[in-house]
Each structure stands twice: as structure tokens, then as C-alpha cells.
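The data block below is model.csv; it holds CSV, C-alpha atoms.
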chain,number,residue,atom,x,y,z
A,82,MET,CA,142.6,159.1,93.7
A,83,ALA,CA,142.0,156.1,95.9
A,84,THR,CA,145.6,156.0,97.3
A,85,ALA,CA,145.3,159.7,98.4
A,86,LEU,CA,142.4,159.0,100.7
A,87,LYS,CA,143.6,158.5,104.3
A,88,LEU,CA,140.4,157.5,106.2
A,89,ILE,CA,138.4,154.7,104.6
A,90,PRO,CA,135.0,153.6,105.9
A,91,ARG,CA,134.8,150.0,106.8
A,92,HIS,CA,131.2,149.7,105.6
A,93,ILE,CA,129.4,151.9,103.0
A,94,ALA,CA,125.7,151.7,102.4
A,95,ILE,CA,124.0,153.3,99.4
A,96,ILE,CA,120.5,154.3,98.6
A,97,MET,CA,120.5,154.0,94.8
A,98,ASP,CA,117.9,156.6,93.8
A,99,GLY,CA,117.0,158.2,90.5
A,100,ASN,CA,116.8,155.4,87.9
A,101,GLY,CA,113.2,156.3,86.9
A,102,ARG,CA,114.0,160.1,86.7
A,103,TRP,CA,117.1,159.4,84.6
A,104,ALA,CA,115.0,157.4,82.1
A,105,ARG,CA,112.1,159.9,82.1
A,106,SER,CA,114.4,162.8,81.4
A,107,ARG,CA,115.6,160.9,78.3
A,108,GLY,CA,112.2,159.8,77.1
A,109,LEU,CA,113.0,156.2,77.9
A,110,PRO,CA,111.0,153.4,79.7
A,111,ARG,CA,111.8,153.3,83.5
A,112,ILE,CA,113.5,149.8,83.1
A,113,LYS,CA,116.2,151.5,80.9
A,114,GLY,CA,117.1,153.6,84.0
A,115,HIS,CA,117.4,150.4,86.1
A,116,GLU,CA,119.6,148.8,83.4
A,117,LYS,CA,121.9,151.8,83.3
A,118,GLY,CA,121.9,151.8,87.1
A,119,ALA,CA,123.5,148.3,87.0
A,120,ASP,CA,126.6,150.0,85.5
A,121,ALA,CA,126.8,152.3,88.5
A,122,VAL,CA,126.7,149.2,90.7
A,123,ARG,CA,129.7,147.8,88.9
A,124,ALA,CA,131.6,151.1,89.2
A,125,CYS,CA,131.0,151.2,93.0
A,126,VAL,CA,132.1,147.6,93.5
A,127,GLU,CA,135.3,148.4,91.7
A,128,ALA,CA,135.9,151.5,93.7
A,129,CYS,CA,135.3,149.8,97.0
A,130,GLY,CA,137.7,147.1,96.0
A,131,GLU,CA,140.4,149.7,95.2
A,132,LEU,CA,139.7,151.4,98.5
A,133,LYS,CA,139.8,148.2,100.5
A,134,VAL,CA,136.3,148.8,101.9
A,135,GLU,CA,135.2,145.7,103.7
A,136,PHE,CA,131.4,145.9,103.2
A,137,LEU,CA,129.1,147.6,100.7
A,138,THR,CA,125.3,147.4,101.2
A,139,LEU,CA,123.1,148.4,98.3
A,140,TYR,CA,119.4,149.2,98.7
A,141,ALA,CA,118.4,147.3,95.6
A,142,PHE,CA,114.6,146.6,96.1
A,143,SER,CA,112.5,147.8,99.0
A,144,ALA,CA,109.5,146.0,100.6
A,145,GLU,CA,107.5,149.0,99.4
A,146,ASN,CA,108.7,148.5,95.8
A,147,TRP,CA,106.2,145.6,95.4
A,148,GLN,CA,103.5,148.2,95.1
A,149,ARG,CA,104.9,149.5,91.8
A,150,PRO,CA,103.2,148.5,88.5
A,151,LYS,CA,103.4,144.7,88.0
A,152,THR,CA,105.1,145.2,84.7
A,153,GLU,CA,107.9,147.2,86.3
A,154,VAL,CA,108.3,144.7,89.2
A,155,PHE,CA,108.5,141.8,86.7
A,156,ALA,CA,111.1,143.6,84.7
A,157,LEU,CA,113.1,144.4,87.8
A,158,MET,CA,113.1,140.8,89.0
A,159,ARG,CA,114.2,139.6,85.5
A,160,LEU,CA,117.0,142.3,85.6
A,161,LEU,CA,118.1,141.1,89.0
A,162,GLU,CA,118.2,137.5,88.0
A,163,ARG,CA,120.1,138.4,84.8
A,164,PHE,CA,122.5,140.6,86.7
A,165,LEU,CA,123.3,137.8,89.2
A,166,LYS,CA,123.8,135.2,86.4
A,167,GLU,CA,126.0,137.5,84.3
A,168,LYS,CA,128.1,139.1,87.1
A,169,THR,CA,128.9,136.1,89.4
A,170,ALA,CA,132.0,135.2,87.4
A,171,GLU,CA,133.1,138.8,87.7
A,172,LEU,CA,132.5,138.8,91.4
A,173,LEU,CA,134.7,135.6,91.6
A,174,GLU,CA,137.4,137.3,89.6
A,175,LYS,CA,137.4,140.4,91.8
A,176,ASN,CA,137.3,138.3,95.1
A,177,VAL,CA,133.9,139.8,96.1
A,178,ARG,CA,131.6,137.8,98.4
A,179,LEU,CA,127.9,138.2,97.7
A,180,GLN,CA,125.3,138.3,100.5
A,181,ALA,CA,121.7,139.5,100.8
A,182,ILE,CA,119.3,140.8,103.5
A,183,GLY,CA,115.6,141.2,103.6
A,184,ARG,CA,112.5,139.0,103.2
A,185,LEU,CA,114.2,137.0,100.5
A,186,THR,CA,111.4,134.4,100.3
A,187,ASP,CA,109.2,137.1,98.8
A,188,LEU,CA,111.4,137.0,95.6
A,189,PRO,CA,110.3,134.9,92.6
A,190,ALA,CA,111.6,131.4,92.7
A,191,GLY,CA,114.0,132.0,89.8
A,192,CYS,CA,115.5,135.0,91.6
A,193,GLN,CA,115.8,133.0,94.8
A,194,LYS,CA,117.6,130.1,93.1
A,195,GLN,CA,120.0,132.4,91.2
A,196,LEU,CA,120.7,134.4,94.4
A,197,HIS,CA,121.4,131.4,96.5
A,198,GLU,CA,123.7,130.0,93.7
A,199,SER,CA,125.6,133.2,93.4
A,200,ILE,CA,126.0,133.5,97.2
A,201,GLU,CA,127.3,129.9,97.4
A,202,ARG,CA,129.7,130.3,94.5
A,203,THR,CA,131.3,133.5,96.1
A,204,SER,CA,131.2,132.3,99.7
A,205,GLY,CA,134.9,131.6,99.8
A,206,ASN,CA,136.0,135.0,98.6
A,207,THR,CA,137.9,137.2,101.1
A,208,GLY,CA,137.7,140.7,99.6
A,209,LEU,CA,134.7,143.1,99.6
A,210,THR,CA,131.4,141.7,100.9
A,211,LEU,CA,128.6,143.0,98.7
A,212,ILE,CA,125.2,142.9,100.5
A,213,LEU,CA,122.1,143.4,98.4
A,214,ALA,CA,119.0,144.6,100.4
A,215,LEU,CA,116.1,142.9,98.6
A,216,SER,CA,112.5,143.0,99.6
A,217,TYR,CA,113.9,145.0,102.5
A,218,GLY,CA,112.3,147.3,104.9
A,219,GLY,CA,113.9,148.8,108.1
A,220,ARG,CA,110.6,148.6,110.1
A,221,LEU,CA,110.0,145.0,108.9
A,222,GLU,CA,113.5,144.1,110.0
A,223,ILE,CA,112.9,145.5,113.5
A,224,ILE,CA,109.6,143.7,113.8
A,225,ASP,CA,111.2,140.4,112.6
A,226,GLY,CA,114.0,141.0,115.2
A,227,ILE,CA,111.4,141.4,118.0
A,228,LYS,CA,109.6,138.2,116.9
A,229,SER,CA,113.0,136.4,116.9
A,230,LEU,CA,113.7,137.6,120.5
A,231,LEU,CA,110.2,136.6,121.6
A,232,ARG,CA,110.7,133.1,120.3
A,233,GLN,CA,114.0,132.9,122.3
A,234,ILE,CA,112.2,134.1,125.4
A,235,ASP,CA,109.3,131.7,125.0
A,236,SER,CA,111.7,128.8,124.5
A,237,GLY,CA,113.5,129.7,127.7
A,238,HIS,CA,116.9,130.4,125.9
A,239,ILE,CA,117.0,134.0,127.2
A,240,ASP,CA,115.5,136.1,129.9
A,241,ARG,CA,113.8,139.5,129.2
A,242,ALA,CA,116.3,141.2,131.5
A,243,MET,CA,119.1,140.1,129.2
A,244,ILE,CA,117.9,142.2,126.3
A,245,ASP,CA,120.1,145.1,125.4
A,246,VAL,CA,121.3,146.9,122.3
A,247,ASP,CA,123.9,144.3,121.5
A,248,MET,CA,121.6,141.3,121.9
A,249,PHE,CA,118.9,142.9,119.8
A,250,SER,CA,121.4,143.7,117.0
A,251,LYS,CA,122.1,139.9,116.9
A,252,HIS,CA,118.5,139.3,115.9
A,253,LEU,CA,118.5,141.6,112.9
A,254,TYR,CA,119.2,140.6,109.2
A,255,THR,CA,122.5,142.4,109.5
A,256,ARG,CA,123.8,140.5,112.6
A,257,TYR,CA,126.9,139.3,110.7
A,258,TYR,CA,128.0,142.8,109.6
A,259,PRO,CA,129.2,146.0,111.3
A,260,ASP,CA,127.0,149.1,111.1
A,261,PRO,CA,127.6,151.3,108.1
A,262,ASP,CA,130.1,154.1,108.6
A,263,LEU,CA,129.0,156.1,105.6
A,264,LEU,CA,125.6,156.3,103.9
A,265,VAL,CA,125.5,157.7,100.3
A,266,ARG,CA,122.2,158.7,98.8
A,267,THR,CA,121.9,159.8,95.2
A,268,SER,CA,119.3,162.1,93.5
A,269,GLY,CA,119.4,164.7,96.2
A,270,GLU,CA,116.5,163.3,98.4
A,271,MET,CA,117.0,164.0,102.1
A,272,ARG,CA,115.4,160.9,103.6
A,273,LEU,CA,116.2,157.3,104.7
A,274,SER,CA,113.3,155.7,102.9
A,275,ASN,CA,113.0,152.9,105.5
A,276,PHE,CA,116.6,151.8,105.0
A,277,LEU,CA,118.7,150.3,107.9
A,278,LEU,CA,116.8,152.4,110.5
A,279,TRP,CA,118.5,150.7,113.5
A,280,GLN,CA,122.0,150.5,111.9
A,281,LEU,CA,122.3,154.1,110.7
A,282,SER,CA,122.1,155.6,114.2
A,283,TYR,CA,125.6,157.1,114.0
A,284,THR,CA,126.3,156.8,110.3
A,285,GLU,CA,127.7,159.8,108.4
A,286,MET,CA,125.5,160.8,105.5
A,287,TYR,CA,126.5,162.0,102.1
A,288,VAL,CA,123.8,163.2,99.7
A,289,THR,CA,124.6,164.0,96.0
A,290,PRO,CA,122.2,165.5,93.5
A,291,LYS,CA,123.4,163.0,90.9
A,292,LEU,CA,121.0,160.4,89.7
A,293,TRP,CA,122.1,156.8,90.4
A,294,PRO,CA,122.8,155.9,86.7
A,295,ASP,CA,125.2,158.8,86.5
A,296,PHE,CA,127.1,157.9,89.7
A,297,THR,CA,130.7,157.0,89.0
A,298,LYS,CA,133.8,155.8,90.8
A,299,LYS,CA,135.0,159.3,91.2
A,300,ASP,CA,131.7,160.2,92.9
A,301,LEU,CA,132.3,157.4,95.4
A,302,PHE,CA,135.8,158.6,96.0
A,303,ASP,CA,134.4,162.1,96.6
A,304,ALA,CA,132.0,160.7,99.1
A,305,VAL,CA,134.8,158.9,100.9
A,306,GLU,CA,137.0,162.0,100.8
A,307,ASP,CA,134.2,164.0,102.4
A,308,PHE,CA,133.8,161.2,105.0
A,309,GLY,CA,137.4,161.6,105.9
A,310,ARG,CA,136.9,165.2,107.0
A,311,ARG,CA,134.1,164.4,109.4
A,312,ASN,CA,134.6,164.3,113.2
A,313,ARG,CA,132.7,161.3,114.5
A,314,ARG,CA,131.9,161.9,118.1
A,315,TYR,CA,129.1,159.3,118.7
A,316,GLY,CA,127.3,161.6,121.1
A,317,ALA,CA,130.4,162.5,123.1
A,318,VAL,CA,131.8,166.0,123.6
A,319,GLU,CA,134.6,167.1,121.2
A,320,ASN,CA,138.0,167.5,122.9

Render the structure in this file as C-alpha cells.
Amino acid sequence: MATALKLIPRHIAIIMDGNGRWARSRGLPRIKGHEKGADAVRACVEACGELKVEFLTLYAFSAENWQRPKTEVFALMRLLERFLKEKTAELLEKNVRLQAIGRLTDLPAGCQKQLHESIERTSGNTGLTLILALSYGGRLEIIDGIKSLLRQIDSGHIDRAMIDVDMFSKHLYTRYYPDPDLLVRTSGEMRLSNFLLWQLSYTEMYVTPKLWPDFTKKDLFDAVEDFGRRNRRYGAVEN
């Protein structure tokens, strides 16, 4: 299937939605949905590797998710730490470089330690770059970018007149990565949920009713195939 796709997005972003509903529909605790969702992450990483996608950004834990019940947040952090610990060797084997964006210092100390260790261990890999958005919020990112610019202005490193789209982009969490070409959202919800608000300006969107734990490699291939049929005009008139 992968070899038949002619137009491959350089950067795919995914809002992984539906873990709780998947678990509830089966009479299971919500954490079981999150655990099953980890299998979908693995499938997408494999698919992106086969497609030669350069960047994959996963909305793993939003800044708003801290408002969930403490027991669920605690379980999610333990799952994250375990996922990183168990999957780093697999990332190394598949030549995947791990990165993360968000207010990472909000994470528990154990998660931060394991995250930094996994990032360091995979830093020399040259294949897919897997970016986890953790304690991430699009509005917070823009505010942090403004604060970063103001510090540069106050220190005399830049002048206000120099500020443009490109300069502001360099002060965001994503400054080292290109904007996503394709956004995939599972569970059928038609909203961005405060994800990459600046970066998704001209991103193609693909929404599937499938819940995240049921999302497969074939589903990602289908999304990329649909992307290949789009005519991306970036605001220009079609010839």
C-alpha cells in the first residue's frame, strides 16, 4: 500500500482522540483505552517509517488534561514513563529520533528524566522524527513565544520592526520543525482542541470516526492517500 502512494506529506500531526470512549464502550476503566492507544502509536510510527515521512507529531497530553481526575493523570504519567522506557530500544532499532514540545517541566520528575534519557539515546537517529506534545497548549505556546520575543527586545538583540511571521515562528516550541502538511484527527470530532494553532494555518485536515485505539496502519495510509488528492493553494488562485 505504501509504495502506491505518490504524494507523501513531510510532516503529519495527529490528535489522538477517543481512548476514553473506546474503554467505556467495553465497560473498561479509561486507562485501558490509553494503554490500547499505545498500540496505535506504534502502528503509526511504523507506517510513517514505511512512507518515509520525516516528522510525526502526536498530541499526547494537553495542558488542559491536568484538569482530569488525579487518579487518571497519575496513571497517564506512569503509562508515559513506561512507554518511553520500554519503547526506546525499538525506536533505536527503527532509526526514530524522539523529540518533545510543550511545558515539559510540568511533568513529574520521573517522566522528565525518562523523556530526556530517551531523547538523548535516540538523538543520533536519522529516520523519522517523532515529536510528543506533552503538557502542550497552542495558546500557551503563542504566549511563551511572545514572552521570548519581548526578552530579546528588552535585551537589545532585536528591534520591534524586525518582527515578522518567520521571526515569530523561530520563538515557538516547534522552531526546529516544518509546519505539518497533514493533520489527522480520530473519533470524528471537528475541532483543533488548542493544538498547533499557529502551525496549522494551511495544513490539510483529515477526520475519521474511528476511535484512536482502533486506528491502524491502513487508516494512516488512507489518510495519506486522501492527502494526495488535495490541491494545496495556500491562498492563491487555482490555475

List the spatial neighbours of segment 189-204 of chain A as a PDB file with C-alpha atoms, in the coordinates of the input - criterion: any atom at most 8 Å away, all atoms listed in the file, same-chain residues fewer than 6 positions off excluded.
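The result, written out as selection.pdb:
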ATOM      1  CA  MET A 158     113.100 140.800  89.000  1.00  0.00           C
ATOM      2  CA  ARG A 159     114.200 139.600  85.500  1.00  0.00           C
ATOM      3  CA  LEU A 161     118.100 141.100  89.000  1.00  0.00           C
ATOM      4  CA  GLU A 162     118.200 137.500  88.000  1.00  0.00           C
ATOM      5  CA  LEU A 165     123.300 137.800  89.200  1.00  0.00           C
ATOM      6  CA  LYS A 166     123.800 135.200  86.400  1.00  0.00           C
ATOM      7  CA  THR A 169     128.900 136.100  89.400  1.00  0.00           C
ATOM      8  CA  LEU A 172     132.500 138.800  91.400  1.00  0.00           C
ATOM      9  CA  LEU A 173     134.700 135.600  91.600  1.00  0.00           C
ATOM     10  CA  ASN A 176     137.300 138.300  95.100  1.00  0.00           C
ATOM     11  CA  VAL A 177     133.900 139.800  96.100  1.00  0.00           C
ATOM     12  CA  ARG A 178     131.600 137.800  98.400  1.00  0.00           C
ATOM     13  CA  LEU A 179     127.900 138.200  97.700  1.00  0.00           C
ATOM     14  CA  GLN A 180     125.300 138.300 100.500  1.00  0.00           C
TER      15      GLN A 180
END

At a cut-off of 12 Å from (123.2, 158.2, 113.7) in the coordinates of the file, what residues are picked up using all atoms listed in the file, written as an mmCIF file with C-alpha atoms, in the coordinates of the input?
data_model
loop_
_atom_site.group_PDB
_atom_site.id
_atom_site.type_symbol
_atom_site.label_atom_id
_atom_site.label_comp_id
_atom_site.auth_asym_id
_atom_site.auth_seq_id
_atom_site.Cartn_x
_atom_site.Cartn_y
_atom_site.Cartn_z
ATOM 1 C CA ASP A 260 127.000 149.100 111.100
ATOM 2 C CA PRO A 261 127.600 151.300 108.100
ATOM 3 C CA ASP A 262 130.100 154.100 108.600
ATOM 4 C CA LEU A 263 129.000 156.100 105.600
ATOM 5 C CA LEU A 264 125.600 156.300 103.900
ATOM 6 C CA LEU A 273 116.200 157.300 104.700
ATOM 7 C CA LEU A 277 118.700 150.300 107.900
ATOM 8 C CA LEU A 278 116.800 152.400 110.500
ATOM 9 C CA TRP A 279 118.500 150.700 113.500
ATOM 10 C CA GLN A 280 122.000 150.500 111.900
ATOM 11 C CA LEU A 281 122.300 154.100 110.700
ATOM 12 C CA SER A 282 122.100 155.600 114.200
ATOM 13 C CA TYR A 283 125.600 157.100 114.000
ATOM 14 C CA THR A 284 126.300 156.800 110.300
ATOM 15 C CA GLU A 285 127.700 159.800 108.400
ATOM 16 C CA MET A 286 125.500 160.800 105.500
ATOM 17 C CA ARG A 313 132.700 161.300 114.500
ATOM 18 C CA ARG A 314 131.900 161.900 118.100
ATOM 19 C CA TYR A 315 129.100 159.300 118.700
ATOM 20 C CA GLY A 316 127.300 161.600 121.100
#

Correct to one decimal, the distance atom CA of Ile89 of chain A-atom CA of Asp307 of chain A is 10.4 Å

Between A:Leu88, A:Val288, A:Leu209, A:Ala214, smallest distance to Glu131 of chain A by all atoms listed in the file belongs to A:Leu209

Closest of A:Ile223, A:Leu292, A:Leu211, A:Val154 to Gly130 of chain A, counting all atoms listed in the file, is A:Leu211

Practice task
Measuring atom to atom with all atoms listed in the file, identify which of A:Phe276, A:Lys175, A:Val246, A:Asp240 is nearest to Glu222 of chain A.
Solution key: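 Closest candidate: A:Phe276.
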
(message) Taking all atoms listed in the file into account, name the residue in A:Ser268, A:Leu185, A:Met248, A:Thr207 that is nearest to Gly101 of chain A.
(response)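 Closest to Gly101 of chain A of all the choices is A:Ser268.
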
task: Grab the atom CA of Gly237 of chain A to atom CA of Lys251 of chain A distance for me, in Å with one decimal place.
output: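 Atom-to-atom, atom CA of Gly237 of chain A and atom CA of Lys251 of chain A are spaced 17.2 Å apart.
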